[in-house]
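Engineer: Mind looking over this structure? Questions follow.
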Amino acid sequence: DQQVKQNSPSLSVQEGRISILNCDYTNSMFDYFLWYKKYPAEGPTFLISISSIKDKNEDGRFTVFLNKSAKHLSLHIVPSQPGDSAVYFCAASGATGNQFYFGTGTSLTVIP
Amino acid sequence: NAGVTQTPKFRILKIGQSMTLQCTQDMNHNYMYWYRQDPGMGLKLIYYSVGAGITDKGEVPNGYNVSRSTTEDFPLRLELAAPSQTSVYFCASSYAGGRAKNIQYFGAGTRLSVL
């Protein structure tokens, strides 16, 4: 049972435009959410996180929005750059913080 | 500044063989994790450890064993390899405690094929 879902396997965006990656979750006990970026043949690297007490967290070009009532989060990248082309995973954990549940990933291609 | 190191990078096993995937971290992290990623899927947690001598099952532990005798090392053991264990395996570590954010740092992965 997939508790974290990324329904868009791929996304293509022109350089300089906004990229919006979406993630939905089903477990209302999740209270901490993260986005990871993964290049081929490498492990995922941490990008940005958000706690359930917030609805927005910003770090440079990256902003994560959390809508708890809809059990939905999104990652905005503005402006998108070719180096952002990668697979993006969202992940969630509950109060213990011991176990993380990952989505299936969205492959972002930024076209120069 | 090595971070999380996994060995080997690639391995082909025959059905029924056994092997150990090695993972070591030099960041003095208390938490360590093993994930597997199948094609087109997200990462699934196999086992995790919250400190030396303490391990617990994740979502998909069947067919695997782990041990954590030191803070640095967290090997994953496959006893009787099966084709269903063909996957990419990622080890990760994090510092969790107090108000610290639990951010996982991943190794580069081990690509395992069981034929």
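Within each chain, counting starts at residue 1; across the structure tokens, chains are named A, B, ... in the order shown, with ligands numbered 1 upward in that order.
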Report the residues of chain A whose backbone DSSP state falls under strand (DSSP E), written as number ranges by chain.
Structural biologist: A: 4-5, 10-14, 19-25, 32-38, 45-51, 56-59, 62-67, 72-77, 86-93, 100-102, 106-111
Engineer: What are the nearest atom pairs, with distances in Å to one decimal, for all residues of chain A that come at most 10 Å from region 19-37 of chain B, using only C-alpha atoms, set out by chain and rising residue number as a tab-separated table?
Structural biologist:
residue	atom	partner	partner_atom	distance
A:Asn98	CA	B:Tyr31	CA	8.3
A:Gln99	CA	B:Tyr33	CA	8.9
A:Phe100	CA	B:Tyr33	CA	9.7
A:Thr104	CA	B:Gln37	CA	9.3
Engineer: Got time to write the residues from that selection, all heavy atoms, as a compact mmCIF listing (two decimals), in the first residue's frame?
Structural biologist:
# COMPACT_ATOMS: atom_id res chain seq x y z
N ASN A 98 11.37 7.40 12.85
CA ASN A 98 12.25 6.27 12.56
C ASN A 98 12.09 5.74 11.15
O ASN A 98 13.03 5.23 10.56
CB ASN A 98 11.97 5.12 13.53
CG ASN A 98 12.36 5.47 14.95
OD1 ASN A 98 13.11 6.41 15.17
ND2 ASN A 98 11.83 4.73 15.89
N GLN A 99 10.89 5.79 10.63
CA GLN A 99 10.63 5.22 9.31
C GLN A 99 10.16 6.30 8.35
O GLN A 99 9.34 7.14 8.69
CB GLN A 99 9.55 4.14 9.40
CG GLN A 99 9.96 2.95 10.22
CD GLN A 99 9.17 1.70 9.87
OE1 GLN A 99 8.86 1.46 8.71
NE2 GLN A 99 8.86 0.90 10.87
N PHE A 100 10.73 6.25 7.15
CA PHE A 100 10.37 7.18 6.11
C PHE A 100 9.71 6.43 4.96
O PHE A 100 10.15 5.35 4.59
CB PHE A 100 11.60 7.93 5.59
CG PHE A 100 12.10 8.97 6.55
CD1 PHE A 100 12.90 8.61 7.64
CD2 PHE A 100 11.76 10.30 6.40
CE1 PHE A 100 13.34 9.56 8.53
CE2 PHE A 100 12.20 11.26 7.30
CZ PHE A 100 12.99 10.88 8.37
N THR A 104 7.12 7.43 -5.54
CA THR A 104 7.76 6.73 -6.65
C THR A 104 8.63 7.63 -7.51
O THR A 104 9.32 7.15 -8.40
CB THR A 104 6.72 6.05 -7.54
OG1 THR A 104 5.74 7.03 -7.91
CG2 THR A 104 6.02 4.91 -6.81
Engineer: To one decimal place in Å, what is the distance between CA of Val13 (chain A) and CA of Ser85 (chain A)?
Structural biologist: 9.5 Å
Engineer: Would you list the contacts of Gly58 (chain B) as a PyMOL selection string, taking every protein, DNA or RNA residue within 7 Å and counting only C-alpha atoms, but skipping same-chain residues closer than 3 positions in sequence?
Structural biologist: chain B and resi 45-48+61
Engineer: Compare A:Thr96, A:Thr109, A:Ser51, A:Asn57 by their minimum atom-to-atom distance to Asp31 (chain A), counting only C-alpha atoms, and give me the closest one.
Structural biologist: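 Among A:Thr96, A:Thr109, A:Ser51, A:Asn57, it is A:Ser51 that comes nearest to Asp31 (chain A).
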Engineer: Check every residue of chain B for an atom within 9 Å of chain A, counting only C-alpha atoms, and provide those that qualify as a list of chain:residue names.
Structural biologist: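 For chain B, the answer reads B:Tyr31, B:Tyr33, B:Gly40, B:Met41, B:Gly42, B:Leu43, B:Lys44, B:Leu45, B:Tyr48, B:Ser49, B:Val50, B:Gly58, B:Glu59, B:Phe90, B:Cys91, B:Ala92, B:Ala96, B:Lys101, B:Asn102, B:Ile103, B:Gln104, B:Tyr105, B:Phe106, B:Gly107, B:Ala108, B:Gly109.
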Engineer: Quick one: residues within 7 Å of Asn65 (chain B), only C-alpha atoms, excluding same-chain residues fewer than 3 positions away - as a ChimeraX atom specification?
Structural biologist: /B:76-78
Engineer: Selected residues, N, CA, C and O atoms, written as a PDB file, in the first residue's frame, please.
Structural biologist:
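Saved as selection_35.pdb:
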ATOM      1  N   LEU B  76      24.226  -5.349   5.450  1.00  0.00           N
ATOM      2  CA  LEU B  76      22.968  -6.015   5.089  1.00  0.00           C
ATOM      3  C   LEU B  76      23.302  -7.384   4.515  1.00  0.00           C
ATOM      4  O   LEU B  76      24.073  -7.490   3.569  1.00  0.00           O
ATOM      5  N   ARG B  77      22.707  -8.415   5.069  1.00  0.00           N
ATOM      6  CA  ARG B  77      23.017  -9.789   4.680  1.00  0.00           C
ATOM      7  C   ARG B  77      21.856 -10.397   3.903  1.00  0.00           C
ATOM      8  O   ARG B  77      20.703 -10.322   4.356  1.00  0.00           O
ATOM      9  N   LEU B  78      22.165 -10.992   2.747  1.00  0.00           N
ATOM     10  CA  LEU B  78      21.203 -11.801   2.003  1.00  0.00           C
ATOM     11  C   LEU B  78      21.644 -13.248   2.145  1.00  0.00           C
ATOM     12  O   LEU B  78      22.759 -13.604   1.742  1.00  0.00           O
TER      13      LEU B  78
END
Engineer: What gap, in Å, lies between CA of Ser69 (chain A) and CA of Arg17 (chain A)?
Structural biologist: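 Straight-line distance from CA of Ser69 (chain A) to CA of Arg17 (chain A) works out to 28.3 Å.
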Engineer: Residues within 10 Å of Arg111 (chain B), please, as a list of chain:residue names. Count only C-alpha atoms; anything in the same chain fewer than 6 positions from it doesn't count.
Structural biologist: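 Result of the neighbour search: A:Ala41, B:Thr7, B:Pro8, B:Lys9, B:Phe10, B:Arg11, B:Ile12, B:Arg36, B:Gln37, B:Thr86, B:Ser87, B:Val88, B:Tyr89, B:Phe90.
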